[in-house]
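Pasting final29.cif here (mmCIF, C-alpha atoms and all ligand atoms):
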```
data_protein
loop_
_atom_site.label_atom_id
_atom_site.label_comp_id
_atom_site.auth_asym_id
_atom_site.auth_seq_id
_atom_site.Cartn_x
_atom_site.Cartn_y
_atom_site.Cartn_z
CA MET A 1361 7.70 11.00 -9.73
CA PRO A 1362 7.14 8.68 -6.77
CA TYR A 1363 8.53 5.20 -7.44
CA ILE A 1364 5.13 3.52 -6.90
CA ALA A 1365 3.21 5.82 -9.29
CA PRO A 1366 2.18 4.05 -12.52
CA TRP A 1367 2.70 5.32 -16.07
CA SER A 1368 0.12 5.08 -18.84
CA ALA A 1369 2.18 2.48 -20.75
CA GLU A 1370 1.97 0.18 -17.72
CA ARG A 1371 -1.81 -0.19 -17.66
CA VAL A 1372 -3.29 -3.58 -18.56
CA GLU A 1373 -6.93 -3.73 -19.70
CA LEU A 1374 -8.93 -6.26 -17.72
CA SER A 1375 -10.89 -7.85 -20.54
CA ARG A 1376 -9.49 -11.25 -19.72
CA LEU A 1377 -11.16 -12.01 -16.36
CA THR A 1378 -12.46 -15.54 -16.14
CA VAL A 1379 -13.04 -18.44 -13.73
CA VAL A 1380 -10.55 -21.29 -13.30
CA SER A 1381 -10.98 -24.09 -10.72
CA GLY A 1382 -13.69 -22.17 -8.88
CA ALA A 1383 -11.71 -18.99 -8.49
CA LEU A 1384 -11.23 -15.67 -10.25
CA ALA A 1385 -8.52 -15.79 -12.90
CA VAL A 1386 -6.81 -13.48 -15.37
CA LYS A 1387 -5.39 -15.05 -18.51
CA GLY A 1388 -1.63 -15.11 -18.34
CA GLN A 1389 -1.54 -14.19 -14.63
CA ARG A 1390 -0.60 -16.83 -12.04
CA ARG A 1391 -2.30 -17.05 -8.66
CA ALA A 1392 0.58 -16.74 -6.20
CA ALA A 1393 0.17 -18.06 -2.63
CA GLY A 1394 -3.62 -17.89 -2.89
CA VAL A 1395 -3.75 -14.34 -4.23
CA LEU A 1396 -4.55 -13.20 -7.77
CA TRP A 1397 -2.78 -9.88 -8.33
CA LYS A 1398 -3.98 -7.32 -10.85
CA PRO A 1399 -1.47 -7.36 -13.72
CA TRP A 1400 0.72 -4.39 -14.61
CA ARG A 1401 3.40 -3.88 -17.23
CA ASP A 1402 6.82 -2.76 -16.06
CA LYS A 1403 7.58 0.38 -18.09
CA PRO A 1404 8.29 3.20 -15.64
CA GLY A 1405 8.83 6.53 -17.38
CA VAL A 1406 6.86 5.60 -20.51
CA GLY A 1407 3.76 7.65 -21.32
CA LYS A 1408 2.05 9.85 -18.74
CA PRO A 1409 2.38 9.41 -14.97
CA ALA A 1410 -0.70 8.92 -12.77
CA PHE A 1411 -0.01 10.45 -9.37
CA ALA A 1412 -3.25 9.33 -7.79
CA LYS A 1413 -2.80 5.66 -8.74
CA VAL A 1414 -0.46 2.93 -7.51
CA HIS A 1415 1.58 0.40 -9.49
CA GLY A 1416 0.83 -2.83 -7.64
CA PRO A 1417 4.09 -4.75 -8.16
CA ARG A 1418 6.20 -1.74 -7.12
CA GLN A 1419 3.97 -1.11 -4.07
CA ARG A 1420 4.42 -4.73 -2.98
CA GLU A 1421 8.16 -4.57 -3.57
CA CYS A 1422 8.37 -1.50 -1.31
CA MET A 1423 6.26 -3.13 1.43
CA LEU A 1424 8.11 -6.43 1.45
CA ARG A 1425 11.65 -5.06 1.07
CA LYS A 1426 10.99 -1.90 3.15
CA LEU A 1427 11.88 0.50 0.37
CA CYS A 1428 10.91 4.16 0.25
CA GLN A 1429 7.79 4.53 -1.94
CA VAL A 1430 9.18 7.75 -3.44
CA CYS A 1431 12.91 7.19 -4.09
CA ARG A 1432 13.20 3.40 -3.66
CA CYS A 1433 16.04 3.62 -1.16
CA ARG A 1434 16.10 1.00 1.58
CA VAL A 1435 14.66 2.82 4.59
CA ALA A 1436 16.79 2.75 7.73
CA PRO A 1437 15.19 1.78 11.04
CA ASN A 1438 16.14 3.63 14.23
CA GLU A 1439 15.36 2.54 17.81
CA PHE A 1440 11.64 3.19 17.16
CA GLY A 1441 11.49 1.37 13.84
CA TRP A 1442 11.00 2.24 10.18
CA PRO A 1443 9.93 5.68 8.90
CA TRP A 1444 6.36 6.01 7.65
CA LEU A 1445 4.19 8.90 6.53
CA LEU A 1446 0.49 8.41 7.26
CA ASP A 1447 -2.78 10.31 6.97
CA HIS A 1448 -3.57 12.16 10.17
CA ARG A 1449 -6.47 10.65 12.11
CA GLY A 1450 -7.25 13.46 14.50
CA GLU A 1451 -6.53 13.77 18.21
CA GLY A 1452 -5.91 11.03 20.74
CA ALA A 1453 -3.75 7.95 20.91
CA TRP A 1454 -2.55 6.36 17.70
CA PRO A 1455 -5.07 3.69 16.59
CA GLU A 1456 -4.16 0.14 17.46
CA ALA A 1457 -3.06 -2.04 14.56
CA GLU A 1458 -3.61 0.57 11.85
CA VAL A 1459 -3.91 -1.06 8.43
CA THR A 1460 -2.38 0.83 5.51
CA THR A 1461 -1.46 0.39 1.87
CA HIS A 1462 1.16 3.16 2.09
CA PRO A 1463 4.71 1.73 1.97
CA PRO A 1464 7.45 3.40 4.05
CA THR A 1465 8.71 6.88 3.15
CA CYS A 1466 12.30 7.79 3.99
CA GLU A 1467 12.92 10.93 6.04
CA GLU A 1468 14.47 12.76 3.09
CA CYS A 1469 11.36 12.19 0.94
CA GLN A 1470 8.74 12.92 3.60
CA PRO A 1471 8.56 16.71 3.06
CA VAL A 1472 8.24 16.18 -0.71
CA ALA A 1473 5.73 13.33 -0.45
CA GLN A 1474 3.31 15.25 1.73
CA LEU A 1475 3.29 18.16 -0.74
CA GLN A 1476 2.82 15.92 -3.80
CA CYS A 1477 -0.22 14.15 -2.35
CA THR A 1478 -2.73 16.94 -2.89
CA PRO A 1479 -5.86 15.34 -1.36
CA ASN A 1480 -4.09 14.76 1.94
CA ARG A 1481 -1.90 17.86 2.01
CA GLY A 1482 -1.54 19.16 5.55
CA ASN A 1483 -2.98 15.97 7.05
CA PHE A 1484 0.15 13.86 7.36
CA VAL A 1485 1.88 12.61 10.44
CA SER A 1486 5.35 11.11 10.55
CA VAL A 1487 5.67 7.90 12.54
CA ARG A 1488 8.13 5.12 13.22
CA VAL A 1489 6.85 1.56 12.92
CA GLY A 1490 8.39 -1.08 15.18
CA ARG A 1491 6.73 -4.11 13.60
CA LEU A 1492 4.48 -4.79 10.67
CA VAL A 1493 2.48 -7.73 9.35
CA THR A 1494 2.10 -7.82 5.58
CA ASP A 1495 -0.64 -10.44 5.26
CA GLY A 1496 -3.40 -8.12 4.02
CA VAL A 1497 -4.59 -7.82 0.43
CA HIS A 1498 -6.37 -4.65 -0.71
CA GLY A 1499 -8.42 -5.37 -3.78
CA GLN A 1500 -11.72 -5.64 -5.61
CA MET A 1501 -14.23 -8.43 -5.01
CA TYR A 1502 -15.88 -10.11 -8.01
CA GLN A 1503 -19.10 -12.05 -8.40
CA ARG A 1504 -18.89 -15.52 -9.85
CA ALA A 1505 -20.04 -15.56 -13.47
CA ALA A 1506 -18.76 -16.65 -16.87
CA HIS A 1507 -17.40 -13.10 -17.09
CA PRO A 1508 -16.97 -12.12 -13.41
CA ILE A 1509 -18.29 -8.68 -12.49
CA PRO A 1510 -16.98 -6.38 -9.72
CA VAL A 1511 -19.11 -6.07 -6.56
CA GLY A 1512 -18.87 -3.45 -3.81
CA LYS A 1513 -16.01 -1.13 -2.93
CA GLU A 1514 -12.38 -2.15 -2.70
CA ARG A 1515 -11.60 -3.78 0.63
CA VAL A 1516 -8.96 -5.67 2.62
CA LEU A 1517 -8.87 -9.44 3.22
CA TYR A 1518 -6.17 -11.36 5.08
CA ALA A 1519 -4.16 -14.45 4.18
CA GLY A 1520 -6.18 -17.62 4.59
CA ASP A 1521 -9.57 -15.98 3.93
CA ALA A 1522 -11.57 -18.17 1.52
CA ARG A 1523 -13.06 -15.02 -0.07
CA LEU A 1524 -9.64 -14.30 -1.60
CA ARG A 1525 -10.74 -16.67 -4.38
CA TRP A 1526 -12.99 -13.88 -5.68
CA MET A 1527 -10.70 -10.92 -5.10
CA LEU A 1528 -8.45 -9.21 -7.61
CA GLY A 1529 -5.63 -8.02 -5.40
CA ALA A 1530 -4.21 -4.56 -6.03
CA GLN A 1531 -1.87 -3.80 -3.12
CA ILE A 1532 -0.48 -5.29 0.07
CA ALA A 1533 -2.22 -3.96 3.19
CA ALA A 1534 0.18 -3.90 6.15
CA THR A 1535 -0.82 -3.89 9.79
CA LEU A 1536 1.39 -1.41 11.67
CA LEU A 1537 2.40 -2.32 15.23
CA ASP A 1538 4.46 -0.58 17.91
CA VAL A 1539 3.90 2.80 16.27
CA THR A 1540 5.62 5.94 17.57
CA VAL A 1541 4.46 9.36 16.41
CA VAL A 1542 7.55 11.45 15.74
CA GLY A 1543 6.09 14.61 14.29
CA VAL A 1544 4.56 16.50 11.43
CA PRO A 1545 7.12 16.77 8.59
CA SER A 1546 6.05 20.27 7.57
CA LEU A 1547 6.94 21.50 11.06
CA GLY A 1548 10.31 19.78 10.98
CA THR A 1549 9.75 17.97 14.25
CA GLN A 1550 11.39 14.56 14.27
CA ALA A 1551 11.71 13.98 18.01
CA PRO A 1552 9.48 11.26 19.51
CA ALA A 1553 6.43 12.96 20.97
CA LEU A 1554 4.30 10.00 21.95
CA ARG A 1555 4.81 6.31 22.17
CA GLU A 1556 1.84 4.04 21.72
CA ALA A 1557 2.58 0.36 22.06
CA VAL A 1558 -0.13 -1.39 20.08
CA ARG A 1559 -0.87 -5.04 19.53
CA ARG A 1560 -2.79 -6.59 16.72
ZN ZN B 1601 12.89 8.30 -0.22
#
```
Spit out the file's structure as structure tokens when you get a sec.
Amino acid sequence: MPYIAPWSAERVELSRLTVVSGALAVKGQRRAAGVLWKPWRDKPGVGKPAFAKVHGPRQRECMLRKLCQVCRCRVAPNEFGWPWLLDHRGEGAWPEAEVTTHPPTCEECQPVAQLQCTPNRGNFVSVRVGRLVTDGVHGQMYQRAAHPIPVGKERVLYAGDARLRWMLGAQIAATLLDVTVVGVPSLGTQAPALREAVRR
């Protein structure tokens, strides 16, 4: 099981959403640095795993400490940066300042990770990331009410945005800079093929 996948015993029902000081609040959950994070229990291995979902606290740990999202090892940077596995976005230069919620994936786990993720199988590209900014929050917006109700699709807001008051944060969204495409893991190519220096 990937480290960031949640288990059924870790789910927390969101019946306790409320409003405190003009902002969304969850009883028992502190607002840290302007962000209210969706609560999760910490019981990996208990119950059933959910491959398609992400355990927020473990995702944030991986992003901030640069740990592999599958095996939790500390990923090693080379001259091009940290190893990442991303969805393929077609032909052409790598998009500038790509924003992603995927934490790094170490080289050893990349072949496994791309097979486990069924919806994206065959669409992955292996890159190295020179720099990243982890000031994005991917989450659900809520409408102000006695019992706040979700509005719209999940989206990304950045630190300092006043709208964060009405967001329930799920995952960190990182902006990837100085990205180098190194290959497609299934083909075993790990030599730099293209260098795209991007700036946010
Ligand atoms: Zn790994």
Practice task
Please indicate the distance in Å from atom CA of A:Glu1370 to atom CA of A:Gln1389, rounded to one decimal place.
Solution key: 15.1 Å
Practice task
Collect all residues with atoms no farther than 7 Å from ligand ZN 1601 (chain B), counting all atoms listed in the file, and output them as a list in words.
Solution key: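 Here is the list of contacting residues: Cys1428, Gln1429, Val1430, Cys1431, Arg1432, Cys1433, Thr1465, Cys1466, Glu1467, Glu1468 and Cys1469 of chain A.
Between atom CA of A:Pro1508 and atom CA of A:Ala1530 lies a distance of 16.6 Å.
What separates atom CA of A:Ile1509 from atom CA of A:Gly1388 is a distance of 18.8 Å.
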Using only C-alpha atoms, find each residue of stretch 1465-1543 of chain A with at least one atom at most 12 Å away from an atom of stretch 1404-1425 of chain A; report its shortest atom-to-atom pair and that distance in Å (one decimal), sort the rows by chain and rising residue number, and return the result as a tab-separated table.
```
residue	atom	partner	partner_atom	distance
A:Thr1465	CA	A:Cys1422	CA	9.5
A:Cys1466	CA	A:Cys1422	CA	11.4
A:Ala1473	CA	A:Phe1411	CA	11.0
A:Gln1476	CA	A:Phe1411	CA	8.3
A:Cys1477	CA	A:Ala1412	CA	7.9
A:Thr1478	CA	A:Ala1412	CA	9.1
A:Pro1479	CA	A:Ala1412	CA	9.2
A:Asn1480	CA	A:Ala1412	CA	11.2
A:Leu1492	CA	A:Met1423	CA	9.6
A:Val1493	CA	A:Leu1424	CA	9.8
A:Thr1494	CA	A:Leu1424	CA	7.4
A:Asp1495	CA	A:Leu1424	CA	10.4
A:Gly1496	CA	A:Arg1420	CA	11.0
A:Val1497	CA	A:Arg1420	CA	10.1
A:His1498	CA	A:Gly1416	CA	10.2
A:Gly1499	CA	A:Gly1416	CA	10.3
A:Leu1528	CA	A:Gly1416	CA	11.3
A:Gly1529	CA	A:Gly1416	CA	8.6
A:Ala1530	CA	A:Gly1416	CA	5.6
A:Gln1531	CA	A:Gly1416	CA	5.4
A:Ile1532	CA	A:Arg1420	CA	5.8
A:Ala1533	CA	A:Met1423	CA	8.7
A:Ala1534	CA	A:Met1423	CA	7.7
A:Thr1535	CA	A:Met1423	CA	11.0
A:Leu1536	CA	A:Met1423	CA	11.5
```
Handout entry: Which residue of A:Lys1403, A:Ser1381, A:Gly1452, A:Gly1490 approaches A:Ala1365 most closely, using only C-alpha atoms
Key =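 Closest to A:Ala1365 of all the choices is A:Lys1403.
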Problem - Which of A:Arg1376, A:His1462, A:Arg1488, A:Arg1434 sits closest to A:His1507 [using all atoms listed in the file] - result: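 With all atoms listed in the file as the atom set, the closest residue is A:Arg1376.
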Practice task
Go through A:Arg1401, A:Arg1391, A:Arg1491, A:Lys1513 and flag the residue nearest A:Arg1525, using all atoms listed in the file for the distances.
Solution key: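 Looking only at the distances to A:Arg1525, the closest residue turns out to be A:Arg1391.
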Exercise for the section: Find, counting all atoms listed in the file, the residue in A:Val1485, A:Leu1475, A:Val1516, A:Ala1522 that gets nearest to A:His1448. Expected result: A:Val1485
Exercise for the section: Could you tell me which of A:Thr1540, A:Asn1438, A:Gln1474, A:Thr1378 comes closest to A:Leu1396 if we count only C-alpha atoms? Expected result: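 Going through A:Thr1540, A:Asn1438, A:Gln1474, A:Thr1378 one by one, the smallest distance to A:Leu1396 is for A:Thr1378.
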Taking N, CA and C atoms as the atom set, what does stretch 1456-1485 of chain A look like once completed, written as a compact mmCIF listing (two decimals), in the coordinates of the input?
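Written output follows (result00.txt):
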```txt
# COMPACT_ATOMS: atom_id res chain seq x y z
N GLU A 1456 -4.81 1.44 17.35
CA GLU A 1456 -4.16 0.14 17.46
C GLU A 1456 -4.22 -0.60 16.13
N ALA A 1457 -3.11 -1.19 15.75
CA ALA A 1457 -3.06 -2.04 14.56
C ALA A 1457 -3.64 -1.37 13.32
N GLU A 1458 -3.20 -0.16 13.06
CA GLU A 1458 -3.61 0.57 11.85
C GLU A 1458 -3.24 -0.25 10.61
N VAL A 1459 -4.18 -0.34 9.67
CA VAL A 1459 -3.91 -1.06 8.43
C VAL A 1459 -3.74 -0.04 7.31
N THR A 1460 -2.65 -0.15 6.55
CA THR A 1460 -2.38 0.83 5.51
C THR A 1460 -1.82 0.17 4.26
N THR A 1461 -2.08 0.83 3.12
CA THR A 1461 -1.46 0.39 1.87
C THR A 1461 -0.26 1.28 1.52
N HIS A 1462 0.01 2.29 2.35
CA HIS A 1462 1.16 3.16 2.09
C HIS A 1462 2.45 2.45 2.50
N PRO A 1463 3.41 2.27 1.58
CA PRO A 1463 4.71 1.73 1.97
C PRO A 1463 5.48 2.79 2.77
N PRO A 1464 6.66 2.42 3.31
CA PRO A 1464 7.45 3.40 4.05
C PRO A 1464 7.84 4.59 3.18
N THR A 1465 8.15 5.70 3.83
CA THR A 1465 8.71 6.88 3.15
C THR A 1465 9.93 7.32 3.94
N CYS A 1466 11.08 7.42 3.28
CA CYS A 1466 12.30 7.79 3.99
C CYS A 1466 12.20 9.23 4.47
N GLU A 1467 13.01 9.59 5.46
CA GLU A 1467 12.92 10.93 6.04
C GLU A 1467 13.20 12.02 5.02
N GLU A 1468 14.12 11.74 4.09
CA GLU A 1468 14.47 12.76 3.09
C GLU A 1468 13.29 13.05 2.18
N CYS A 1469 12.48 12.03 1.88
CA CYS A 1469 11.36 12.19 0.94
C CYS A 1469 10.08 12.66 1.63
N GLN A 1470 10.00 12.61 2.93
CA GLN A 1470 8.74 12.92 3.60
C GLN A 1470 8.22 14.34 3.33
N PRO A 1471 9.08 15.36 3.37
CA PRO A 1471 8.56 16.71 3.06
C PRO A 1471 8.03 16.82 1.64
N VAL A 1472 8.67 16.14 0.70
CA VAL A 1472 8.24 16.18 -0.71
C VAL A 1472 6.94 15.41 -0.87
N ALA A 1473 6.89 14.20 -0.28
CA ALA A 1473 5.73 13.33 -0.45
C ALA A 1473 4.46 13.99 0.06
N GLN A 1474 4.54 14.68 1.18
CA GLN A 1474 3.31 15.25 1.73
C GLN A 1474 2.83 16.45 0.92
N LEU A 1475 3.72 17.07 0.13
CA LEU A 1475 3.29 18.16 -0.74
C LEU A 1475 2.71 17.62 -2.04
N GLN A 1476 3.27 16.49 -2.53
CA GLN A 1476 2.82 15.92 -3.80
C GLN A 1476 1.42 15.35 -3.69
N CYS A 1477 1.09 14.81 -2.51
CA CYS A 1477 -0.22 14.15 -2.35
C CYS A 1477 -1.28 15.19 -2.02
N THR A 1478 -1.83 15.81 -3.06
CA THR A 1478 -2.73 16.94 -2.89
C THR A 1478 -3.95 16.67 -2.00
N PRO A 1479 -4.65 15.54 -2.17
CA PRO A 1479 -5.86 15.34 -1.36
C PRO A 1479 -5.58 15.32 0.14
N ASN A 1480 -4.38 14.89 0.51
CA ASN A 1480 -4.09 14.76 1.94
C ASN A 1480 -3.13 15.84 2.45
N ARG A 1481 -2.88 16.85 1.63
CA ARG A 1481 -1.90 17.86 2.01
C ARG A 1481 -2.28 18.49 3.36
N GLY A 1482 -1.30 18.57 4.24
CA GLY A 1482 -1.54 19.16 5.55
C GLY A 1482 -2.11 18.19 6.57
N ASN A 1483 -2.37 16.94 6.14
CA ASN A 1483 -2.98 15.97 7.05
C ASN A 1483 -2.06 14.80 7.36
N PHE A 1484 -0.77 14.98 7.15
CA PHE A 1484 0.15 13.86 7.36
C PHE A 1484 0.79 13.90 8.73
N VAL A 1485 1.12 12.73 9.21
CA VAL A 1485 1.88 12.61 10.44
C VAL A 1485 3.02 11.62 10.17
```
